[in-house]
Amino acid sequence: MVGGFVRQALDRFFVARAGAAVLLPALAGWAGETLAAERERWLLWLPVGVGLGTAIYFTLTHEPPLWLGLAAMALALALVFAGLRRRPAFVLVGLALGAIGLGFTGAKFRTLSVDAPVLAARTGPAMVSGQVVKVEPKPGGPRITLADVAVRRLDADETPRRVRIRLRDSQGPVAPGDWISIAAILMPPPAPSAPGAFDFPRHAFFKGLGAVGFAVGRVKHAEAPEGKGQGSFALWLTTLRQRIYARITQSLGGTAGAVAAALMTGERGAIPEEVMEAMRASGLAHLLAISGLHIGLVAGVLFFAIRGLLAALEPIALRFAIKKWAAFGALLGAFAYLLVTGATVPTQRAFLMAALVLSAIMLDRTAISMRLVAWAALIVLLISPESLLGASFQMSFAAVIALVAGYEAARVPFGRWRAKGGWWRLVLVYLLGVGLTTVIAGTATAPFVIFHFNRFAAFGLAANLLAVPVTALWIMPWATVAYILMPLGLEGVGLAPMGWGIEAVIAIAREVAGWPGSVTLVPAMPVSGIALVAAGGLWLCLWQRRWRVFGVLAIAAGLATVRVLRREGTYDRLFEVGRQLRSTLQRLLDEAEIPAQVIGEAPLFDVFFTEGEISDYRSTRQADEQRASRFNTLLRERGILKGSIKFYISTAHDAADIEHTVQAFASAVDALKG
C-alpha cells in the first residue's frame, strides 16, 4: 500500500504529461519502490528539512517578516490535507514544505528573542559599569563579559545589554557576580576580515554581545544596584566553573594544568598558542573541544563504575535492575559535565546523544541508532538555529552521522570476527575501531575543515592512533576521578596522573606537527560546493539502499567547485599581492632594525620576531610571542584584523585595501620601534 502510494505520488510529480519518454515512468516507479522500502528512514530527513529552512532564513539579505514562515507552514498543512484523498504528491510536498517552514520560523523566533542594541560606533574612553557574568582566563589578563551594562554618555536604549572587555592582570581581580565599573574603549563587533570569513557580528548578536573593547583603567568594585540580586543559576554555575578551574590550575599548573582545565571546564584560553597550533597541525585539536568523545567517556566511566559497585552488593544486585540504575547515574553525571563545561554546540549534541542512549538502556530499547542523531540535530536546530552556520555544528554532526552509518555497515562483519574469541582479537578490534573512527570522522569533516580553515592535517590518522587511546583509557578516567574527589579536596590524586597523559598527548602533537608536510594549505570551496558536499553526504549516509551511491556524485560535484579558484589569473594576482605585502613588511622591519622574519607563501604568511632562522614548526617557538601580540594589536587598532597566526590574502581585497594595509604596516612598525 505504501509503495503504491509513493509510486503514484512520484508518477504524478515527475510525469505530468501523457506521452512522455518511457524512461521517466520507469525511473519514477523504481524510485517509488526504493523510497517505500526506505520508509523507516523517512524520519531522518526531518532535521534536514528544518536545517534547509534555517539556511534559507540566514541567506536572505533583508530581515523577513514573521508571517512568511507561518504562511509556509499553513500552506504545508493545507497541502497535506488536500493530498490525503486524491493527490498524494501534495502530501510529500507538504511534509517537506512544513519542515522547511518550521526551520525558517524557528530561526525568526530565535532572532526576535535575542534582539538587543548593538553599539553603533567606537565609544570612549568612557566609564562602563555592570555585573561580571563571565571571566575567561587569557595570557596577560582575563576577558570578562558584563551584563546590566551602563555606559556614561550613552542613552539606555542605545546601550548594549552585554559587553565583552579585555583586562590586564595589573588592572585588578574580578570574579563572576562582581559589580564593577571601569574606564574602557568600546567598539561594535568587528566585521568579517573577508567575504565568507567568520561572521563575528552575527556570532556576537546571538550571544547577546553588543560591544567589545578593552579597559584603560583599574577595576573599581561597587555595590549591587538596588533591586538587583546577586545571582542566578547561570551565575552560580559560572562561579562554580571558575572555582573548579582555579582548583585544577593550582593543583596541576603549567601547560598540563591549562589543558586539564580545558577538558574539565571548557575554558581553553590559558592554553599556550604554540600548543594549540601543534594540536591543529597534528589533527588533534578535536581532543581539546568538549564533544562526543569526552561526554561519552565520562558517561561510560560512571556507568561501569556504578554498575560494578552495585554488582558487588549482592542484595541489591539480585533484586534490582542495576544496569538501569547505572544508566541513570551516568546520565546525571553527563548532565553535570555538560553544565560545568559551558554547554557548547558539540557538547549539547553529545549530551543529547548520550542521554538518548542511556534513556534507551533504561527503557530496554536499542541504544545507538541514526534516529538518535536525527532527534539530537532537530533539538539543537530548534533551540539554537544559528549553530547551523558554524563549523562546530557542521563538523560534529558530519562526524557522528558518518560514524553511525559506517558502523551500521561494519557491525555484522566486526561482530562475527570478534565472536571467534581470543584476547588479542579484542585488542585488535579496539585498535581497528580507533583507526576506522579516525578515517571515517576525518574524511567526513575534511570538506568542512577546508571550507572554514583552508588547511588539512596530513598525518592526523597517525596522531589519533596514538593520542585517542591515551585520552580514552587514561586522561578522561582520571578526570572523572578528580571530579569525584574534588569535594573532599583530594582532586590532586586524579589530576597528577591525568597530567602525565596530557604531557604524552602534547608530545605526540609536537612530534607529528614537526614532520615535513604535516599541514597542507588548500583553497576554500564556495558555499555552493560545501552545500553539495553536505547534501551528498546526507544522501549517502541516511539511506541504506543502493541509490545511496548517488550521494557520491553530489560530493564529487561539490569538491570540483574548488576549480573555480583555478580560473586564469586568480592565483597570479593573489601571489603578486602577497609578495608585495610580504616584501614591504620585511623592508619596514629591517629599516626599523627590528629583528624579525616574514615567513610563508605569498598569499599566506606571518611574521616571527626573532634573530634565529625559521626552518620548521619547532623553530617558530623561539620567536618573541609578546612582541608579536603587540604588533597584532597595533594592526587591529589601525583597521587591519589579524589573528594570532598568519596574514590571509583574499581575492576580495582591492587596491585600496592593499594601500591601507601598507600604511598600517608602516604605522604599526613605527609604534613597535618606539
# chains A, B, ... in the order shown; residues from 1 in each chain; ligands from 1
call {"tool": "residues_around", "arguments": {"residues": "Pro516 (chain A)", "least_positions_apart": "3", "cutoff": "12 Å", "atoms": "only C-alpha atoms", "output": "PyMOL selection string"}}
result
chain A and resi 281-282+457-459+511-513+519-520+615-618
call {"tool": "closest_residue", "arguments": {"among": "A:Leu52, A:Leu154, A:Ala99, A:Leu79", "to": "Pro117 (chain A)", "atoms": "only C-alpha atoms"}}
result
A:Leu154
call {"tool": "select_by_dssp", "arguments": {"residues": "region 425-661 of chain A", "states": "alpha helix (DSSP H)", "output": "JSON, numbers by chain"}}
result
{"A": [425, 426, 427, 428, 429, 430, 431, 432, 433, 434, 435, 436, 437, 438, 439, 440, 441, 442, 443, 444, 445, 446, 447, 448, 449, 450, 451, 452, 453, 460, 461, 462, 463, 464, 465, 466, 467, 468, 469, 470, 476, 477, 478, 479, 480, 481, 482, 483, 484, 485, 492, 493, 494, 495, 496, 497, 498, 499, 500, 501, 502, 503, 504, 505, 506, 507, 508, 509, 510, 511, 512, 513, 527, 528, 529, 530, 531, 532, 533, 534, 535, 536, 537, 538, 539, 540, 541, 542, 550, 551, 552, 553, 554, 555, 556, 557, 558, 559, 560, 570, 571, 572, 573, 574, 575, 576, 577, 578, 579, 580, 581, 582, 583, 584, 585, 586, 587, 588, 589, 590, 591, 617, 618, 619, 620, 625, 626, 627, 628, 629, 630, 631, 632, 633, 634, 635, 636, 637, 655, 656, 657, 658, 659, 660, 661]}
call {"tool": "atom_distance", "arguments": {"atom1": "CA of Met395 (chain A)", "atom2": "CA of Ala96 (chain A)"}}
result
24.6 Å
call {"tool": "residues_around", "arguments": {"residues": "region 598-612 of chain A", "least_positions_apart": "5", "cutoff": "9 Å", "atoms": "only C-alpha atoms", "output": "ChimeraX atom specification"}}
result
/A:571,574-583,585-586,619-620,622-625,627-628,645-650
call {"tool": "residues_around", "arguments": {"residues": "region 128-135 of chain A", "least_positions_apart": "2", "cutoff": "7 Å", "atoms": "only C-alpha atoms", "output": "ChimeraX atom specification"}}
result
/A:126,137,142-152,175-184,235,238
call {"tool": "residues_around", "arguments": {"residues": "Phe214 (chain A)", "least_positions_apart": "6", "cutoff": "9 Å", "atoms": "only C-alpha atoms", "output": "list in words"}}
result
Arg143, Arg164, Ile165, Arg166, Leu167, Arg168, Ala183, Ala184, Ile185 and Leu186 of chain A
call {"tool": "write_last_selection", "arguments": {"atoms": "N, CA and C atoms", "output": "mmCIF file, in the first residue's frame"}}
result
data_model
loop_
_atom_site.group_PDB
_atom_site.id
_atom_site.type_symbol
_atom_site.label_atom_id
_atom_site.label_comp_id
_atom_site.auth_asym_id
_atom_site.auth_seq_id
_atom_site.Cartn_x
_atom_site.Cartn_y
_atom_site.Cartn_z
ATOM 1 N N ARG A 143 39.456 37.996 30.051
ATOM 2 C CA ARG A 143 38.444 38.652 29.232
ATOM 3 C C ARG A 143 37.123 38.460 29.951
ATOM 4 N N ARG A 164 31.827 42.786 26.147
ATOM 5 C CA ARG A 164 32.991 41.955 26.477
ATOM 6 C C ARG A 164 34.234 42.834 26.466
ATOM 7 N N ILE A 165 34.987 42.793 27.561
ATOM 8 C CA ILE A 165 36.121 43.694 27.744
ATOM 9 C C ILE A 165 37.358 42.879 28.109
ATOM 10 N N ARG A 166 38.474 43.228 27.499
ATOM 11 C CA ARG A 166 39.749 42.573 27.809
ATOM 12 C C ARG A 166 40.474 43.377 28.892
ATOM 13 N N LEU A 167 40.930 42.696 29.923
ATOM 14 C CA LEU A 167 41.668 43.319 31.021
ATOM 15 C C LEU A 167 43.112 42.850 31.024
ATOM 16 N N ARG A 168 43.943 43.621 31.700
ATOM 17 C CA ARG A 168 45.291 43.174 32.034
ATOM 18 C C ARG A 168 45.305 42.733 33.494
ATOM 19 N N ALA A 183 37.016 52.214 33.265
ATOM 20 C CA ALA A 183 37.176 53.023 32.059
ATOM 21 C C ALA A 183 37.599 52.105 30.917
ATOM 22 N N ALA A 184 36.875 52.182 29.818
ATOM 23 C CA ALA A 184 37.147 51.271 28.707
ATOM 24 C C ALA A 184 36.816 51.939 27.394
ATOM 25 N N ILE A 185 37.405 51.423 26.352
ATOM 26 C CA ILE A 185 37.073 51.805 24.981
ATOM 27 C C ILE A 185 36.247 50.679 24.384
ATOM 28 N N LEU A 186 35.055 51.021 23.907
ATOM 29 C CA LEU A 186 34.145 50.027 23.350
ATOM 30 C C LEU A 186 34.001 50.230 21.849
#
call {"tool": "atom_distance", "arguments": {"atom1": "CA of Leu532 (chain A)", "atom2": "CA of Trp45 (chain A)"}}
result
16.1 Å
call {"tool": "residues_around", "arguments": {"residues": "region 63-74 of chain A", "least_positions_apart": "4", "cutoff": "6 Å", "atoms": "only C-alpha atoms", "output": "PDB file with C-alpha atoms, in the first residue's frame"}}
result
ATOM      1  CA  GLY A  98       6.321  22.014   6.587  1.00  0.00           C
ATOM      2  CA  GLY A 101       8.775  26.328   7.240  1.00  0.00           C
ATOM      3  CA  PHE A 104      12.518  29.208   8.894  1.00  0.00           C
ATOM      4  CA  THR A 105      10.051  30.175  11.631  1.00  0.00           C
TER       5      THR A 105
END
call {"tool": "residues_around", "arguments": {"residues": "Gly106 (chain A)", "least_positions_apart": "5", "cutoff": "12 Å", "atoms": "only C-alpha atoms", "output": "PyMOL selection string"}}
result
chain A and resi 50-58+66+68-70+73+98-101+111-113+378-386
call {"tool": "closest_residue", "arguments": {"among": "A:Pro139, A:Pro201, A:Val527, A:Ala26", "to": "Pro447 (chain A)", "atoms": "only C-alpha atoms"}}
result
A:Val527
call {"tool": "closest_atom_pairs", "arguments": {"of": "region 214-286 of chain A", "to": "region 462-475 of chain A", "cutoff": "12 Å", "atoms": "only C-alpha atoms", "output": "Markdown table"}}
result
| residue | atom | partner | partner_atom | distance |
| --- | --- | --- | --- | --- |
| A:Ala256 | CA | A:Ile475 | CA | 11.1 |
| A:Val259 | CA | A:Ile475 | CA | 10.8 |
| A:Ala260 | CA | A:Ile475 | CA | 8.7 |
| A:Leu263 | CA | A:Ile475 | CA | 9.4 |
| A:Met264 | CA | A:Ile475 | CA | 10.7 |
| A:Ala278 | CA | A:Ala463 | CA | 11.1 |
| A:Met279 | CA | A:Ala463 | CA | 9.5 |
| A:Arg280 | CA | A:Ala463 | CA | 11.0 |
| A:Ala281 | CA | A:Ala463 | CA | 10.1 |
| A:Ser282 | CA | A:Ala463 | CA | 6.3 |
| A:Gly283 | CA | A:Ala463 | CA | 6.9 |
| A:Leu284 | CA | A:Asn464 | CA | 6.6 |
| A:Ala285 | CA | A:Asn464 | CA | 10.2 |
| A:His286 | CA | A:Asn464 | CA | 10.0 |
